[in-house]
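Here is upload-v9.cif, consisting of mmCIF, C-alpha atoms:
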```cif
data_upload
loop_
_atom_site.group_PDB
_atom_site.id
_atom_site.type_symbol
_atom_site.label_atom_id
_atom_site.label_comp_id
_atom_site.auth_asym_id
_atom_site.auth_seq_id
_atom_site.Cartn_x
_atom_site.Cartn_y
_atom_site.Cartn_z
ATOM 1 C CA MET W 1 190.569 129.245 -31.065
ATOM 2 C CA VAL W 2 191.218 132.471 -29.208
ATOM 3 C CA PRO W 3 190.101 135.482 -31.299
ATOM 4 C CA ALA W 4 193.385 137.300 -30.583
ATOM 5 C CA HIS W 5 195.334 134.344 -31.970
ATOM 6 C CA ALA W 6 193.172 134.297 -35.108
ATOM 7 C CA ALA W 7 193.816 138.018 -35.570
ATOM 8 C CA GLN W 8 197.568 137.476 -35.176
ATOM 9 C CA ILE W 9 197.537 134.764 -37.824
ATOM 10 C CA ALA W 10 195.463 136.935 -40.156
ATOM 11 C CA ALA W 11 198.045 139.703 -39.693
ATOM 12 C CA LEU W 12 200.870 137.221 -40.377
ATOM 13 C CA PHE W 13 199.106 136.182 -43.570
ATOM 14 C CA ARG W 14 198.574 139.781 -44.671
ATOM 15 C CA ASP W 15 202.108 140.910 -43.871
ATOM 16 C CA HIS W 16 204.234 137.877 -44.731
ATOM 17 C CA ASN W 17 202.400 135.470 -47.055
ATOM 18 C CA ARG W 18 204.032 136.778 -50.226
ATOM 19 C CA ALA W 19 207.510 136.443 -48.673
ATOM 20 C CA LEU W 20 206.686 133.001 -47.268
ATOM 21 C CA VAL W 21 205.478 131.678 -50.624
ATOM 22 C CA ALA W 22 208.543 133.145 -52.392
ATOM 23 C CA PHE W 23 210.818 131.534 -49.778
ATOM 24 C CA LEU W 24 209.117 128.176 -50.250
ATOM 25 C CA GLN W 25 209.061 128.466 -54.035
ATOM 26 C CA CYS W 26 212.853 128.836 -54.024
ATOM 27 C CA ARG W 27 213.184 125.703 -51.914
ATOM 28 C CA LEU W 28 210.569 123.591 -53.703
ATOM 29 C CA ASN W 29 210.967 124.878 -57.261
ATOM 30 C CA SER W 30 207.176 124.907 -57.628
ATOM 31 C CA LEU W 31 204.672 127.687 -57.000
ATOM 32 C CA SER W 32 201.776 125.297 -56.384
ATOM 33 C CA ASP W 33 203.805 123.219 -53.893
ATOM 34 C CA ALA W 34 204.938 126.438 -52.200
ATOM 35 C CA GLN W 35 201.324 127.611 -51.850
ATOM 36 C CA GLU W 36 200.211 124.248 -50.469
ATOM 37 C CA VAL W 37 203.051 124.108 -47.943
ATOM 38 C CA ALA W 38 202.354 127.699 -46.876
ATOM 39 C CA GLN W 39 198.679 126.827 -46.426
ATOM 40 C CA GLU W 40 199.584 123.833 -44.282
ATOM 41 C CA ALA W 41 201.923 126.000 -42.192
ATOM 42 C CA TYR W 42 199.081 128.453 -41.508
ATOM 43 C CA ILE W 43 196.814 125.578 -40.553
ATOM 44 C CA ARG W 44 199.410 124.394 -38.064
ATOM 45 C CA MET W 45 199.560 127.928 -36.684
ATOM 46 C CA PHE W 46 195.754 127.924 -36.317
ATOM 47 C CA THR W 47 195.846 124.661 -34.404
ATOM 48 C CA LEU W 48 198.611 125.555 -31.943
ATOM 49 C CA GLU W 49 197.510 124.541 -28.462
ATOM 50 C CA HIS W 50 199.504 127.240 -26.637
ATOM 51 C CA PRO W 51 200.255 130.074 -29.065
ATOM 52 C CA GLU W 52 201.103 132.388 -26.177
ATOM 53 C CA GLN W 53 204.237 130.293 -25.547
ATOM 54 C CA VAL W 54 205.687 131.130 -28.982
ATOM 55 C CA ASP W 55 208.083 134.082 -28.803
ATOM 56 C CA SER W 56 207.850 135.046 -32.474
ATOM 57 C CA LEU W 57 204.907 133.776 -34.503
ATOM 58 C CA ARG W 58 206.596 134.932 -37.723
ATOM 59 C CA ALA W 59 209.744 132.951 -36.975
ATOM 60 C CA TYR W 60 207.640 129.952 -35.948
ATOM 61 C CA LEU W 61 205.635 130.207 -39.190
ATOM 62 C CA PHE W 62 208.771 130.257 -41.344
ATOM 63 C CA ARG W 63 210.398 127.418 -39.363
ATOM 64 C CA THR W 64 207.225 125.317 -39.664
ATOM 65 C CA ALA W 65 207.023 126.025 -43.396
ATOM 66 C CA SER W 66 210.711 125.193 -43.821
ATOM 67 C CA ASN W 67 210.241 121.862 -42.043
ATOM 68 C CA LEU W 68 207.194 121.075 -44.167
ATOM 69 C CA ALA W 69 209.169 121.924 -47.308
ATOM 70 C CA VAL W 70 211.925 119.509 -46.247
ATOM 71 C CA ASP W 71 209.270 116.828 -45.711
ATOM 72 C CA ARG W 72 207.833 117.550 -49.166
ATOM 73 C CA LEU W 73 211.276 117.268 -50.767
ATOM 74 C CA ARG W 74 211.925 113.969 -48.979
ATOM 75 C CA MET W 75 208.575 112.641 -50.132
ATOM 76 C CA ARG W 76 209.392 113.636 -53.736
ATOM 77 C CA LYS W 77 212.726 111.840 -53.500
ATOM 78 C CA VAL W 78 211.150 108.651 -52.143
ATOM 79 C CA ARG W 79 208.465 108.697 -54.823
ATOM 80 C CA HIS W 80 211.067 109.250 -57.509
ATOM 81 C CA GLU W 81 213.385 106.499 -56.262
ATOM 82 C CA HIS W 82 210.657 103.986 -55.430
ATOM 83 C CA PRO W 83 207.681 104.438 -57.759
ATOM 84 C CA VAL W 84 204.585 102.477 -56.883
ATOM 85 C CA GLU W 85 203.861 99.802 -59.426
ATOM 86 C CA ALA W 86 200.365 98.593 -60.165
ATOM 87 C CA PRO W 87 199.692 95.046 -58.975
ATOM 88 C CA SER W 88 200.034 92.436 -61.717
ATOM 89 C CA GLU W 89 196.717 90.839 -60.858
ATOM 90 C CA ASP W 90 193.368 92.372 -60.034
ATOM 91 C CA VAL W 91 193.256 92.431 -56.245
ATOM 92 C CA HIS W 92 189.869 93.094 -54.713
ATOM 93 C CA LEU W 93 189.552 93.263 -50.961
ATOM 94 C CA ALA W 94 186.116 93.029 -49.413
ATOM 95 C CA PRO W 95 185.249 96.022 -47.217
ATOM 96 C CA ILE W 96 185.400 95.417 -43.507
ATOM 97 C CA PRO W 97 182.056 96.343 -41.911
ATOM 98 C CA GLU W 98 183.684 98.162 -38.997
ATOM 99 C CA ARG W 99 185.799 100.303 -41.309
ATOM 100 C CA HIS W 100 182.785 101.068 -43.447
ATOM 101 C CA ALA W 101 180.745 102.112 -40.408
ATOM 102 C CA SER W 102 183.591 104.268 -39.109
ATOM 103 C CA ALA W 103 184.146 105.907 -42.498
ATOM 104 C CA THR W 104 180.423 106.577 -42.839
ATOM 105 C CA GLU W 105 180.346 108.197 -39.394
ATOM 106 C CA GLN W 106 183.356 110.365 -40.272
ATOM 107 C CA LEU W 107 181.741 111.410 -43.537
ATOM 108 C CA HIS W 108 178.548 112.454 -41.737
ATOM 109 C CA GLY W 109 180.652 114.399 -39.215
ATOM 110 C CA LEU W 110 182.479 116.168 -42.035
ATOM 111 C CA ARG W 111 179.199 117.069 -43.724
ATOM 112 C CA ARG W 112 177.848 118.488 -40.436
ATOM 113 C CA ALA W 113 181.035 120.508 -39.937
ATOM 114 C CA LEU W 114 180.849 121.881 -43.485
ATOM 115 C CA ARG W 115 177.200 122.903 -42.997
ATOM 116 C CA GLU W 116 178.300 124.997 -39.992
ATOM 117 C CA LEU W 117 180.599 127.065 -42.196
ATOM 118 C CA PRO W 118 179.748 130.053 -44.376
ATOM 119 C CA ALA W 119 178.820 129.002 -47.919
ATOM 120 C CA LYS W 120 181.973 130.432 -49.556
ATOM 121 C CA THR W 121 184.238 128.715 -47.028
ATOM 122 C CA SER W 122 182.524 125.373 -47.477
ATOM 123 C CA ARG W 123 182.495 125.654 -51.263
ATOM 124 C CA ALA W 124 186.198 126.553 -51.473
ATOM 125 C CA PHE W 125 187.067 123.622 -49.199
ATOM 126 C CA VAL W 126 185.012 121.109 -51.191
ATOM 127 C CA MET W 127 186.378 122.339 -54.509
ATOM 128 C CA HIS W 128 189.998 122.197 -53.344
ATOM 129 C CA VAL W 129 190.165 119.228 -50.979
ATOM 130 C CA ILE W 130 187.426 116.945 -52.279
ATOM 131 C CA ASP W 131 187.233 117.827 -55.977
ATOM 132 C CA GLY W 132 190.985 118.504 -56.257
ATOM 133 C CA CYS W 133 190.639 121.841 -58.035
ATOM 134 C CA ASP W 134 193.607 124.197 -58.250
ATOM 135 C CA ILE W 135 193.487 127.390 -56.161
ATOM 136 C CA GLY W 136 193.474 129.546 -59.329
ATOM 137 C CA VAL W 137 190.546 127.630 -60.831
ATOM 138 C CA ILE W 138 188.562 128.047 -57.606
ATOM 139 C CA ALA W 139 189.363 131.762 -57.438
ATOM 140 C CA ARG W 140 188.054 132.305 -60.965
ATOM 141 C CA ALA W 141 184.965 130.164 -60.387
ATOM 142 C CA MET W 142 184.102 131.949 -57.133
ATOM 143 C CA LYS W 143 185.210 135.391 -58.429
ATOM 144 C CA ILE W 144 187.518 135.958 -55.451
ATOM 145 C CA SER W 145 191.289 136.244 -55.096
ATOM 146 C CA GLU W 146 193.523 133.208 -54.723
ATOM 147 C CA ARG W 147 194.502 134.576 -51.312
ATOM 148 C CA MET W 148 190.855 134.485 -50.205
ATOM 149 C CA VAL W 149 190.500 130.922 -51.507
ATOM 150 C CA ARG W 150 193.481 129.860 -49.378
ATOM 151 C CA TYR W 151 191.992 131.738 -46.416
ATOM 152 C CA HIS W 152 188.622 129.971 -46.809
ATOM 153 C CA VAL W 153 190.256 126.538 -47.218
ATOM 154 C CA ALA W 154 192.479 127.094 -44.163
ATOM 155 C CA ASN W 155 189.485 128.162 -42.066
ATOM 156 C CA ALA W 156 187.477 125.141 -43.197
ATOM 157 C CA LEU W 157 190.351 122.777 -42.446
ATOM 158 C CA ALA W 158 190.814 124.252 -38.983
ATOM 159 C CA HIS W 159 187.080 124.010 -38.314
ATOM 160 C CA CYS W 160 186.875 120.406 -39.523
ATOM 161 C CA ARG W 161 189.971 119.470 -37.488
ATOM 162 C CA ALA W 162 188.361 120.974 -34.377
ATOM 163 C CA ARG W 163 185.170 118.988 -34.991
ATOM 164 C CA VAL W 164 187.104 115.744 -35.520
ATOM 165 C CA ASP W 165 189.062 116.393 -32.321
ATOM 166 C CA GLU W 166 185.806 116.921 -30.436
ATOM 167 C CA LEU W 167 184.468 113.571 -31.699
ATOM 168 C CA GLU W 168 187.663 111.734 -30.734
ATOM 169 C CA MET W 169 187.660 113.022 -27.150
ATOM 170 C CA PRO W 170 186.341 110.441 -24.696
#
```

Would you put the structure from the file into structure tokens?
Amino acid sequence: MVPAHAAQIAALFRDHNRALVAFLQCRLNSLSDAQEVAQEAYIRMFTLEHPEQVDSLRAYLFRTASNLAVDRLRMRKVRHEHPVEAPSEDVHLAPIPERHASATEQLHGLRRALRELPAKTSRAFVMHVIDGCDIGVIARAMKISERMVRYHVANALAHCRARVDELEMP
């Protein structure tokens, strides 16, 4: 990522995150969903291939977040209208060796990528994404603000995505 682009996104976060989360909270009727959607929008901003082609990063951020919120609402509706029912019988599928090998390789790649990160960034990512902890719980455990937790998780996600993309390139 270009350092100037990272600085622009950091400025967007500083200047507009509160408004973005409030905007999303009104649409989603949930603070935690609003924070998650905002985080995903920032991640998409981090991973833009040609950020210089975007006229207004703020407008792009809000449009991306709005689209993600619509997707979230659609997903809620589908889940509500078509709940997944547990199978009536105990179905056990044997693991496919190729899938197991691929998953193992991906796991090792993720571990390598996490070791490249600062300790706080890696810890916040693991606690949120892998352990499923809430942002507030992580902030209290790490004695940092919720905003910093989201920042660390977003950085870790962007870093891991970059590493996965590098592995997938022929």

Please list as number ranges by chain every residue within 6 Å of region 19-21 of chain W, counting all atoms listed in the file and excluding residues in the same chain fewer than 3 positions away. W: 16, 24-25, 34-35

Considering only C-alpha atoms, return as a compact mmCIF listing (two decimals) with C-alpha atoms, keeping the file's coordinate frame whatever protein or nucleic-acid residues lie within 10 Å of Ala158 (chain W), sequence-local ones (same chain, fewer than 6 positions apart) excluded.
```
# COMPACT_ATOMS: atom_id res chain seq x y z
CA MET W 1 190.57 129.24 -31.06
CA TYR W 42 199.08 128.45 -41.51
CA ILE W 43 196.81 125.58 -40.55
CA ARG W 44 199.41 124.39 -38.06
CA MET W 45 199.56 127.93 -36.68
CA PHE W 46 195.75 127.92 -36.32
CA THR W 47 195.85 124.66 -34.40
CA HIS W 152 188.62 129.97 -46.81
CA VAL W 164 187.10 115.74 -35.52
```

Neighbour list for His128 (chain W) as a list of chain:residue names, cut-off 9 Å, all atoms listed in the file, skip fewer than 6 positions in-chain: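 Contacts, with the query itself left out: W:Asp134, W:Ile135, W:Ile138, W:Val149, W:Val153.
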
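If you look at CA of Arg74 (chain W) and CA of Ala156 (chain W), they are 27.5 Å away from each other.
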
So the first atom is CA of Glu49 (chain W) and the second is CA of His5 (chain W); what is the distance between them in Å, to one decimal place? 10.6 Å

Quick check, in Å to one decimal: how far apart do CA of Leu28 (chain W) and CA of Asn67 (chain W) lie? 11.8 Å

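For His108 (chain W), the set of protein, DNA and RNA residues having any atom at most 12 Å away, when counting only C-alpha atoms and skipping those fewer than 4 positions along the same chain, is W:Ala101, W:Ser102, W:Ala103, W:Thr104, W:Arg112, W:Ala113, W:Leu114, W:Arg115, W:Cys160, W:Arg163, W:Val164, W:Leu167.
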
From the set W:Ile130, W:Phe62, W:Arg27, W:His50, which residue has the shortest atom-to-atom contact distance to Leu157 (chain W), counting all atoms listed in the file? W:Ile130

Go through W:Leu110, W:Val78, W:Leu31, W:Ala41 and flag the residue nearest Arg161 (chain W), using only C-alpha atoms for the distances. W:Leu110

List the neighbours of Leu68 (chain W) out to 8 Å using all atoms listed in the file; skip same-chain residues closer than 4 positions along the sequence, and give me the result as a PyMOL selection string. chain W and resi 37+41+64+72

Between W:His159, W:Pro3, W:Ser56, W:Met142, single out the one closest to Arg111 (chain W), counting only C-alpha atoms.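 When distances to Arg111 (chain W) are compared using only C-alpha atoms, the smallest one comes from W:His159.
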
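Remark: for Ala4 (chain W), the closest of the candidate residues W:Ser145, W:Lys120, W:Ile96, W:Pro51 is W:Pro51 (distances computed over only C-alpha atoms).
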
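Counting only C-alpha atoms, the residue from W:Asn29, W:Met127, W:Ser66, W:Glu116 that sits nearest to Arg140 (chain W) is W:Met127.
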
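Between Lys143 (chain W) and the candidates W:Ala124, W:Ala59, W:Ala69, W:Val54, the tightest atom-to-atom separation, counting all atoms listed in the file, involves W:Ala124.
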